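S.K.: So here's start-v1.cif (mmCIF, C-alpha atoms).
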data_structure
loop_
_atom_site.label_atom_id
_atom_site.label_comp_id
_atom_site.auth_asym_id
_atom_site.auth_seq_id
_atom_site.Cartn_x
_atom_site.Cartn_y
_atom_site.Cartn_z
CA MET N 1 6.14 -12.97 -13.60
CA ALA N 2 8.02 -15.26 -15.93
CA HIS N 3 10.08 -18.22 -14.87
CA GLU N 4 13.10 -19.04 -16.99
CA GLY N 5 12.02 -16.86 -19.86
CA ALA N 6 8.47 -18.20 -19.75
CA GLY N 7 9.44 -21.02 -22.05
CA PRO N 8 9.43 -24.77 -21.68
CA GLU N 9 12.67 -24.40 -19.78
CA ALA N 10 10.61 -23.05 -16.90
CA SER N 11 9.57 -26.48 -15.80
CA SER N 12 12.92 -28.09 -16.53
CA SER N 13 15.36 -25.60 -15.14
CA SER N 14 17.02 -28.07 -12.79
CA GLN N 15 20.51 -28.75 -14.00
CA GLY N 16 22.73 -31.38 -12.56
CA GLY N 17 22.51 -32.83 -9.11
CA GLY N 18 22.87 -31.19 -5.80
CA ASP N 19 19.47 -31.81 -4.28
CA THR N 20 19.78 -32.99 -0.75
CA LYS N 21 18.51 -36.39 0.13
CA SER N 22 14.98 -36.95 1.37
CA GLY N 23 13.86 -33.46 0.35
CA ALA N 24 15.75 -31.63 3.12
CA GLU N 25 16.52 -27.98 2.42
CA PRO N 26 20.03 -27.02 3.47
CA GLY N 27 20.67 -23.56 4.88
CA SER N 28 17.15 -22.74 5.94
CA ALA N 29 14.18 -24.51 7.39
CA PRO N 30 11.35 -25.23 4.93
CA GLY N 31 9.55 -22.01 4.15
CA GLN N 32 12.05 -19.90 6.07
CA ARG N 33 13.57 -16.83 4.40
CA LEU N 34 16.87 -15.57 5.75
CA ARG N 35 17.97 -12.19 4.42
CA GLY N 36 21.44 -10.68 4.30
CA VAL N 37 23.84 -13.54 4.97
CA GLU N 38 27.55 -12.73 4.90
CA ILE N 39 30.46 -15.15 4.59
CA VAL N 40 33.85 -14.23 6.04
CA ASP N 41 37.39 -15.59 5.95
CA THR N 42 39.47 -16.70 8.91
CA ASP N 43 40.36 -13.08 9.70
CA GLY N 44 36.74 -11.98 9.68
CA ASN N 45 37.08 -10.21 6.34
CA PRO N 46 33.91 -10.38 4.23
CA LEU N 47 34.18 -12.65 1.19
CA GLY N 48 30.66 -12.27 -0.05
CA GLU N 49 27.05 -11.97 0.91
CA PHE N 50 23.72 -13.29 -0.21
CA ASP N 51 20.54 -11.27 -0.47
CA GLU N 52 18.46 -14.19 0.71
CA ILE N 53 18.60 -17.89 1.45
CA ALA N 54 15.27 -19.68 1.24
CA SER N 55 14.22 -23.28 0.74
CA GLY N 56 17.80 -24.40 0.35
CA THR N 57 18.47 -21.86 -2.40
CA PHE N 58 20.70 -18.80 -2.67
CA ILE N 59 18.51 -16.02 -4.01
CA GLU N 60 20.06 -13.06 -5.77
CA GLU N 61 17.83 -10.07 -6.47
CA LYS N 62 18.59 -7.79 -9.36
CA SER N 63 16.59 -4.83 -10.57
CA ALA N 64 18.24 -4.84 -14.02
CA ILE N 65 16.74 -1.44 -14.72
CA GLY N 66 18.36 1.93 -15.34
CA PHE N 67 20.53 0.94 -18.26
CA GLY N 68 20.18 4.45 -19.67
CA HIS N 69 22.65 5.83 -17.14
CA LEU N 70 25.55 7.72 -18.64
CA HIS N 71 29.10 7.42 -17.40
CA PRO N 72 29.92 10.53 -15.30
CA ARG N 73 33.29 11.03 -16.97
CA THR N 74 32.75 9.94 -20.55
CA GLY N 75 29.08 10.79 -20.98
CA LEU N 76 28.63 7.47 -22.79
CA PRO N 77 26.29 4.65 -21.72
CA VAL N 78 27.85 2.83 -18.79
CA GLN N 79 27.34 -0.68 -20.17
CA THR N 80 25.25 -2.78 -22.50
CA VAL N 81 22.74 -5.35 -21.32
CA VAL N 82 25.03 -8.15 -22.49
CA GLN N 83 27.96 -6.70 -20.53
CA TRP N 84 25.73 -6.35 -17.45
CA ALA N 85 24.59 -9.96 -17.67
CA GLU N 86 28.10 -11.27 -18.09
CA LYS N 87 29.27 -9.43 -14.97
CA HIS N 88 26.24 -9.91 -12.75
CA ILE N 89 25.03 -13.35 -13.73
CA LEU N 90 28.23 -15.13 -14.72
CA GLN N 91 31.33 -13.53 -13.26
CA LYS N 92 29.98 -12.49 -9.86
CA THR N 93 28.38 -15.89 -9.37
CA VAL N 94 31.58 -17.70 -10.30
CA VAL N 95 33.51 -15.69 -7.70
CA ARG N 96 30.74 -16.19 -5.15
CA ILE N 97 30.68 -19.94 -5.53
CA ASN N 98 34.47 -20.15 -5.47
CA ASN N 99 34.60 -17.97 -2.36
CA LEU N 100 32.32 -20.38 -0.52
CA GLN N 101 35.29 -22.74 -0.42
CA ARG N 102 37.42 -20.06 1.25
CA ALA N 103 34.82 -19.09 3.83
CA ALA N 104 35.45 -19.76 7.51
CA ALA N 105 32.14 -18.58 8.98
CA THR N 106 28.83 -16.86 8.36
CA ARG N 107 27.31 -13.81 10.05
CA PRO N 108 24.40 -11.43 9.48
CA ALA N 109 25.00 -8.62 6.98
CA ALA N 110 23.94 -5.08 7.89
CA GLY N 111 20.18 -5.11 8.26
CA GLY N 112 20.07 -8.86 7.66
CA SER N 113 18.23 -11.56 9.55
CA PRO N 114 19.66 -11.95 13.05
CA ARG N 115 19.83 -15.72 12.64
CA VAL N 116 21.97 -16.96 9.78
CA PRO N 117 22.72 -20.51 8.69
CA THR N 118 26.02 -22.04 9.69
CA LEU N 119 28.82 -22.36 7.16
CA GLY N 120 28.26 -26.11 7.10
CA GLU N 121 24.62 -25.56 6.23
CA ILE N 122 25.26 -23.19 3.36
CA LEU N 123 28.03 -25.37 1.96
CA GLU N 124 25.37 -27.99 1.30
CA ILE N 125 23.38 -25.62 -0.91
CA ARG N 126 23.58 -26.31 -4.62
CA LYS N 127 20.76 -24.09 -5.91
CA PHE N 128 21.05 -20.51 -7.07
CA GLN N 129 18.06 -18.46 -8.18
CA PHE N 130 18.12 -14.99 -9.70
CA LYS N 131 15.08 -12.77 -9.15
CA ILE N 132 15.09 -10.06 -11.75
CA MET N 133 12.68 -7.15 -11.68
CA SER N 134 12.92 -6.36 -15.38
CA THR N 135 10.91 -8.32 -17.94
CA ALA N 136 12.57 -6.79 -21.00
CA PRO N 137 13.18 -9.47 -23.65
CA GLU N 138 16.77 -8.37 -24.22
CA ILE N 139 17.48 -8.79 -20.50
CA GLN N 140 15.86 -12.20 -20.46
CA ASN N 141 17.90 -13.31 -23.46
CA ALA N 142 21.15 -12.00 -21.99
CA VAL N 143 20.50 -13.65 -18.63
CA GLN N 144 19.57 -16.99 -20.19
CA ALA N 145 22.80 -16.96 -22.21
CA GLN N 146 24.85 -16.53 -19.04
CA LEU N 147 22.88 -19.24 -17.22
CA VAL N 148 23.92 -21.65 -19.94
CA ARG N 149 27.55 -20.79 -19.22
CA LEU N 150 27.05 -21.15 -15.46
CA ARG N 151 25.47 -24.58 -15.87
CA ALA N 152 28.37 -25.70 -18.02
CA ARG N 153 30.85 -24.44 -15.45
CA PHE N 154 29.08 -25.82 -12.37
CA PRO N 155 27.22 -28.94 -13.48
CA ALA N 156 26.47 -29.98 -9.91
CA TRP N 157 24.55 -26.76 -9.33
CA GLU N 158 21.01 -25.85 -10.27
CA PHE N 159 20.54 -22.31 -11.63
CA SER N 160 17.17 -20.72 -12.26
CA VAL N 161 15.70 -17.29 -12.87
CA VAL N 162 12.41 -15.53 -12.24
CA PHE N 163 11.65 -12.33 -14.12
CA GLY N 164 9.21 -9.62 -13.14
CA LEU N 165 9.69 -9.58 -9.37
CA MET R 1 21.09 -7.40 -5.73
CA SER R 2 24.06 -7.71 -3.52
CA ILE R 3 26.53 -5.14 -4.69
CA GLY R 4 30.23 -5.82 -4.68
CA LEU R 5 33.60 -4.69 -5.97
CA LEU R 6 34.79 -7.24 -8.51
CA LEU R 7 38.52 -7.39 -9.23
CA GLU R 8 39.73 -9.44 -12.19
CA TYR R 9 43.43 -9.76 -12.74
CA ALA R 10 45.19 -10.11 -16.07
CA VAL R 11 47.86 -12.11 -14.27
CA PRO R 12 46.82 -15.80 -14.21
CA THR R 13 48.40 -16.34 -10.80
CA LYS R 14 45.95 -13.94 -9.20
CA LYS R 15 42.37 -15.09 -8.75
CA SER R 16 39.35 -12.86 -9.20
CA ALA R 17 38.22 -11.31 -5.95
CA MET R 18 35.05 -9.71 -4.71
CA VAL R 19 34.63 -7.23 -1.89
CA PRO R 20 31.01 -7.15 -0.73
CA ILE R 21 29.53 -3.66 -0.52
CA ALA R 22 25.83 -3.93 0.32
CA THR R 23 22.75 -6.03 -0.17
CA GLU R 24 20.03 -4.53 -2.34
CA GLU R 25 18.04 -3.78 0.78
CA SER R 26 20.91 -2.14 2.61
CA PHE R 27 21.87 -0.05 -0.42
CA HIS R 28 18.31 1.29 -0.72
CA LYS R 29 17.94 1.94 2.96
CA TYR R 30 21.28 3.43 3.93
CA TRP R 31 23.28 4.44 0.86
CA GLN R 32 20.76 5.95 -1.52
CA PRO R 33 19.37 8.64 0.81
CA GLY R 34 22.88 10.03 1.28
CA CYS R 35 23.57 9.83 -2.45
CA ALA R 36 20.46 11.91 -3.12
CA VAL R 37 21.21 14.55 -0.50
CA LEU R 38 24.83 14.87 -1.60
CA HIS R 39 23.99 14.72 -5.34
CA LEU R 40 26.58 12.02 -5.88
CA GLN R 41 27.24 10.92 -9.46
CA TRP R 42 29.20 7.69 -9.13
CA VAL R 43 27.89 5.86 -6.09
CA PRO R 44 24.25 5.63 -7.28
CA LEU R 45 25.53 3.77 -10.36
CA PHE R 46 26.75 0.94 -8.13
CA GLN R 47 23.24 -0.48 -8.19
CA THR R 48 23.22 -1.20 -11.92
CA GLY R 49 26.96 -1.56 -12.03
CA LEU R 50 29.83 0.17 -13.76
CA PRO R 51 33.37 -0.61 -14.85
CA LEU R 52 35.97 1.76 -13.41
CA GLN R 53 39.02 2.97 -15.22
CA GLN R 54 42.08 3.97 -13.23
CA GLU R 55 41.26 7.66 -13.66
CA ASP R 56 37.80 7.09 -12.15
CA ILE R 57 38.97 5.53 -8.92
CA SER R 58 40.00 8.69 -7.11
CA LEU R 59 36.66 10.31 -8.01
CA VAL R 60 34.77 7.35 -6.57
CA ILE R 61 36.90 7.37 -3.42
CA GLU R 62 36.14 11.07 -3.00
CA GLU R 63 32.39 10.44 -3.18
CA LEU R 64 32.66 7.51 -0.77
CA GLY R 65 34.40 9.81 1.71
CA LEU R 66 31.55 12.29 1.46
CA LEU R 67 28.96 9.56 1.92
CA LYS R 68 30.79 8.13 4.90
CA GLN R 69 30.91 11.54 6.52
CA TRP R 70 27.17 12.04 5.91
CA LEU R 71 26.31 8.59 7.25
CA SER R 72 28.47 9.12 10.32
CA CYS R 73 26.44 12.24 11.11
CA HIS R 74 23.27 10.14 10.90
CA MET R 75 24.45 7.15 12.89
CA ALA R 76 22.21 8.13 15.75
CA THR R 77 19.24 7.75 13.47
CA ASP R 78 19.66 4.12 12.73
CA VAL R 79 22.63 3.63 10.42
CA PRO R 80 24.47 0.51 11.53
CA GLN R 81 28.20 0.80 12.09
CA ALA R 82 28.57 -2.12 9.67
CA VAL R 83 27.52 0.13 6.79
CA VAL R 84 30.30 2.61 7.54
CA VAL R 85 32.76 -0.26 7.93
CA ARG R 86 31.80 -1.46 4.45
CA ILE R 87 32.55 1.97 3.01
CA ASP R 88 35.94 1.96 4.71
CA GLN R 89 36.68 -1.50 3.30
CA LEU R 90 35.67 -0.39 -0.18
CA ILE R 91 37.84 2.73 0.00
CA GLN R 92 40.76 0.59 1.15
CA ALA R 93 40.24 -1.96 -1.62
CA LEU R 94 40.06 0.78 -4.26
CA GLN R 95 43.20 2.41 -2.92
CA ASN R 96 44.95 -0.95 -3.13
CA VAL R 97 44.32 -1.22 -6.88
CA GLN R 98 45.05 2.39 -7.73
CA GLY R 99 47.85 2.44 -10.27
CA ASP R 100 47.58 -1.30 -10.97
CA SER R 101 47.08 -1.66 -14.72
CA GLN R 102 46.79 -5.45 -14.41
CA VAL R 103 43.39 -5.39 -12.75
CA ALA R 104 39.93 -4.75 -14.19
CA VAL R 105 37.73 -3.02 -11.64
CA TYR R 106 33.96 -3.34 -11.66
CA ILE R 107 31.44 -2.24 -9.06
CA GLY R 108 27.94 -3.63 -9.17
#
Could you take the file, read its structure, and then write that structure out as structure tokens?
M.R.:
Amino acid sequence: MAHEGAGPEASSSSQGGGDTKSGAEPGSAPGQRLRGVEIVDTDGNPLGEFDEIASGTFIEEKSAIGFGHLHPRTGLPVQTVVQWAEKHILQKTVVRINNLQRAAATRPAAGGSPRVPTLGEILEIRKFQFKIMSTAPEIQNAVQAQLVRLRARFPAWEFSVVFGL
Amino acid sequence: MSIGLLLEYAVPTKKSAMVPIATEESFHKYWQPGCAVLHLQWVPLFQTGLPLQQEDISLVIEELGLLKQWLSCHMATDVPQAVVVRIDQLIQALQNVQGDSQVAVYIG
């Protein structure tokens, strides 16, 4: 397992503020892992979902494997690692965070934990961690590059990554 | 990974949108078995992600219809209705952007 590219950044990944006062963990009780949390708009339409919320952190799991797949129509590689990272790490996260402001409620996603945090609880969360199965250096580099962009865009948020899970 | 349909508009007045499809866990548990049985080509790629061109959308919708039908036949064996609802919502969202050259469509 490698945290934040296994470099010195591993122990200094916190960016910006956002920690709750007195060590409280918004969105989940200390040590509690809530899986499959969906946010919906006022009409009940899903706006997004989170794989897991634990220790006051949104956790997004990504396998980041299988890049050899060929496009069914063109027969060409579907995407490069850099393109994947830009979509999955940057763009999807930007939309996710923005959609939190449009959310009206939370509910369990299919197969998710029966108890989910309230909207108010998850709106307090300012930490986002990516858990990436792959340990390939090119994936780590591409992910780190997008984390830099995320931190610049959301300075009040703390973004981190763990590779090899 | 939570998988979603990401829509990015060339028009600045329209904001990017995401339609959630499945969590990693749900995709493994409910979607992938049907993909394997039906030998689907497009839907399994959702996990890693793929950009869709306009000419791809109808092919993806066709596969989603097959998967929905297969899942509906297996509802008694533990497939939550919410999974089928998600497929319906995805089909609807894809139909809504068919023919719209101002939107970039990505699933992943």
S.K.: Write out as a ChimeraX atom specification the residues lying within 7 Å of Leu50 of chain R, counting only C-alpha atoms and excluding same-chain residues fewer than 6 positions away.
M.R.: /N:78-79 /R:106-108
S.K.: Restricting the calculation to only C-alpha atoms: of N:Gln129, N:Thr118, N:Thr106, N:Gln140, which residue gets closest to Ser55 of chain N?
M.R.: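 Of N:Gln129, N:Thr118, N:Thr106, N:Gln140, the one nearest Ser55 of chain N, counting only C-alpha atoms, is N:Gln129.
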S.K.: Please identify all residues of chain R having at least one atom at most 6 Å from any atom of chain N, considering all atoms listed in the file, and return them as a PDB file with C-alpha atoms, in the coordinates of the input.
M.R.:
ATOM      1  CA  MET R   1      21.090  -7.400  -5.730  1.00  0.00           C
ATOM      2  CA  SER R   2      24.060  -7.710  -3.520  1.00  0.00           C
ATOM      3  CA  PRO R  20      31.010  -7.150  -0.730  1.00  0.00           C
ATOM      4  CA  THR R  23      22.750  -6.030  -0.170  1.00  0.00           C
ATOM      5  CA  ALA R  82      28.570  -2.120   9.670  1.00  0.00           C
TER       6      ALA R  82
END
S.K.: Distance atom CA of Leu67 of chain R-atom CA of Thr80 of chain N, one decimal place?
M.R.: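 If I compute the distance from atom CA of Leu67 of chain R to atom CA of Thr80 of chain N, I get 27.6 Å.
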S.K.: What does the distance between atom CA of Asp41 of chain N and atom CA of Arg102 of chain N come to in Å, to one decimal place?
M.R.: 6.5 Å
S.K.: What is the atom CA of Thr48 of chain R-atom CA of Gly4 of chain R distance in Å, reported with one decimal?
M.R.: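 Between atom CA of Thr48 of chain R and atom CA of Gly4 of chain R the gap is 11.1 Å.
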S.K.: Residues near Ala104 of chain R, anyone? I mean within 10 Å using all atoms listed in the file, not counting same-chain ones fewer than 3 positions away, as a PDB file with C-alpha atoms, keeping the file's coordinate frame.
M.R.:
ATOM      1  CA  LEU R   6      34.790  -7.240  -8.510  1.00  0.00           C
ATOM      2  CA  LEU R   7      38.520  -7.390  -9.230  1.00  0.00           C
ATOM      3  CA  GLU R   8      39.730  -9.440 -12.190  1.00  0.00           C
ATOM      4  CA  TYR R   9      43.430  -9.760 -12.740  1.00  0.00           C
ATOM      5  CA  ALA R  10      45.190 -10.110 -16.070  1.00  0.00           C
ATOM      6  CA  SER R  16      39.350 -12.860  -9.200  1.00  0.00           C
ATOM      7  CA  PRO R  51      33.370  -0.610 -14.850  1.00  0.00           C
ATOM      8  CA  LEU R  52      35.970   1.760 -13.410  1.00  0.00           C
ATOM      9  CA  GLN R  53      39.020   2.970 -15.220  1.00  0.00           C
ATOM     10  CA  GLN R  54      42.080   3.970 -13.230  1.00  0.00           C
ATOM     11  CA  VAL R  97      44.320  -1.220  -6.880  1.00  0.00           C
ATOM     12  CA  ASP R 100      47.580  -1.300 -10.970  1.00  0.00           C
ATOM     13  CA  SER R 101      47.080  -1.660 -14.720  1.00  0.00           C
TER      14      SER R 101
END
S.K.: Given the choices N:Ser113, N:Thr57, N:Asn141, N:Thr135, which gets closest to Ser160 of chain N if the distance is worked out from only C-alpha atoms?
M.R.: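 Looking only at the distances to Ser160 of chain N, the closest residue turns out to be N:Thr57.
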S.K.: Between R:Val37, R:Val85, R:Leu5, R:Ile91, single out the one closest to Ser72 of chain R, counting all atoms listed in the file.
M.R.: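 Closest residue, counting all atoms listed in the file: R:Val85.
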S.K.: Between R:Val43, R:Val103, R:Val83, R:Leu71, single out the one closest to Ser26 of chain R, counting only C-alpha atoms.
M.R.: R:Val83
S.K.: Take every atom of segment 51-66 of chain R listed in the file, pad by 5 Å on each side, and give me the axis-aligned box centre and edge lengths in Å, one decimal, as lines of an AutoDock Vina configuration file.
M.R.:
center_x = 36.8
center_y = 5.8
center_z = -6.8
size_x = 20.5
size_y = 22.9
size_z = 26.9
S.K.: Can you give me, as a list in words, the residues this file yields under the PyMOL selection byres ((chain R and resi 69) around 12)?
M.R.: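 Applied to this file, the PyMOL selection byres ((chain R and resi 69) around 12) selects Trp31, Gly34, Cys35, Leu38, Glu62, Glu63, Leu64, Gly65, Leu66, Leu67, Lys68, Trp70, Leu71, Ser72, Cys73, His74, Met75, Val83, Val84, Ile87 and Asp88 of chain R.
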S.K.: How would segment 15-48 of chain R read, as a compact mmCIF listing (two decimals), in the coordinates of the input, once N, CA and C atoms are built in?
M.R.:
# COMPACT_ATOMS: atom_id res chain seq x y z
N LYS R 15 43.77 -14.73 -8.54
CA LYS R 15 42.37 -15.09 -8.75
C LYS R 15 41.47 -13.86 -8.64
N SER R 16 40.34 -13.93 -9.33
CA SER R 16 39.35 -12.86 -9.20
C SER R 16 38.91 -12.75 -7.74
N ALA R 17 38.63 -11.53 -7.34
CA ALA R 17 38.22 -11.31 -5.95
C ALA R 17 36.99 -10.42 -5.91
N MET R 18 36.20 -10.58 -4.86
CA MET R 18 35.05 -9.71 -4.71
C MET R 18 34.99 -9.17 -3.29
N VAL R 19 34.80 -7.87 -3.19
CA VAL R 19 34.63 -7.23 -1.89
C VAL R 19 33.16 -6.85 -1.77
N PRO R 20 32.43 -7.49 -0.84
CA PRO R 20 31.01 -7.15 -0.73
C PRO R 20 30.80 -5.70 -0.29
N ILE R 21 29.80 -5.06 -0.86
CA ILE R 21 29.53 -3.66 -0.52
C ILE R 21 28.20 -3.54 0.23
N ALA R 22 27.14 -4.05 -0.35
CA ALA R 22 25.83 -3.93 0.32
C ALA R 22 24.84 -4.88 -0.34
N THR R 23 23.88 -5.33 0.44
CA THR R 23 22.75 -6.03 -0.17
C THR R 23 21.86 -4.97 -0.83
N GLU R 24 20.98 -5.43 -1.70
CA GLU R 24 20.03 -4.53 -2.34
C GLU R 24 19.28 -3.71 -1.29
N GLU R 25 18.83 -4.41 -0.27
CA GLU R 25 18.04 -3.78 0.78
C GLU R 25 18.84 -2.70 1.52
N SER R 26 20.06 -3.07 1.87
CA SER R 26 20.91 -2.14 2.61
C SER R 26 21.27 -0.92 1.75
N PHE R 27 21.52 -1.15 0.47
CA PHE R 27 21.87 -0.05 -0.42
C PHE R 27 20.70 0.95 -0.50
N HIS R 28 19.50 0.43 -0.65
CA HIS R 28 18.31 1.29 -0.72
C HIS R 28 18.13 2.08 0.57
N LYS R 29 18.30 1.36 1.66
CA LYS R 29 17.94 1.94 2.96
C LYS R 29 18.97 2.94 3.47
N TYR R 30 20.24 2.61 3.29
CA TYR R 30 21.28 3.43 3.93
C TYR R 30 22.11 4.25 2.95
N TRP R 31 22.37 3.73 1.77
CA TRP R 31 23.28 4.44 0.86
C TRP R 31 22.55 5.48 0.01
N GLN R 32 21.41 5.07 -0.55
CA GLN R 32 20.76 5.95 -1.52
C GLN R 32 20.28 7.29 -0.94
N PRO R 33 19.77 7.32 0.30
CA PRO R 33 19.37 8.64 0.81
C PRO R 33 20.54 9.62 0.84
N GLY R 34 21.70 9.16 1.25
CA GLY R 34 22.88 10.03 1.28
C GLY R 34 23.31 10.44 -0.11
N CYS R 35 23.22 9.51 -1.05
CA CYS R 35 23.57 9.83 -2.45
C CYS R 35 22.69 10.96 -2.97
N ALA R 36 21.40 10.89 -2.62
CA ALA R 36 20.46 11.91 -3.12
C ALA R 36 20.75 13.27 -2.49
N VAL R 37 20.95 13.28 -1.20
CA VAL R 37 21.21 14.55 -0.50
C VAL R 37 22.51 15.19 -1.00
N LEU R 38 23.50 14.36 -1.22
CA LEU R 38 24.83 14.87 -1.60
C LEU R 38 24.99 15.02 -3.12
N HIS R 39 23.95 14.64 -3.86
CA HIS R 39 23.99 14.72 -5.34
C HIS R 39 25.21 13.99 -5.90
N LEU R 40 25.43 12.79 -5.40
CA LEU R 40 26.58 12.02 -5.88
C LEU R 40 26.31 11.50 -7.29
N GLN R 41 27.36 11.36 -8.07
CA GLN R 41 27.24 10.92 -9.46
C GLN R 41 27.64 9.46 -9.66
N TRP R 42 28.63 9.02 -8.90
CA TRP R 42 29.20 7.69 -9.13
C TRP R 42 28.53 6.62 -8.28
N VAL R 43 28.38 6.89 -7.00
CA VAL R 43 27.89 5.86 -6.09
C VAL R 43 26.51 5.33 -6.48
N PRO R 44 25.56 6.19 -6.91
CA PRO R 44 24.25 5.63 -7.28
C PRO R 44 24.34 4.61 -8.42
N LEU R 45 25.38 4.71 -9.24
CA LEU R 45 25.53 3.77 -10.36
C LEU R 45 25.96 2.37 -9.91
N PHE R 46 26.35 2.26 -8.65
CA PHE R 46 26.75 0.94 -8.13
C PHE R 46 25.60 -0.06 -8.29
N GLN R 47 24.38 0.43 -8.20
CA GLN R 47 23.24 -0.48 -8.19
C GLN R 47 23.12 -1.25 -9.51
N THR R 48 23.27 -0.52 -10.62
CA THR R 48 23.22 -1.20 -11.92
C THR R 48 24.59 -1.76 -12.28
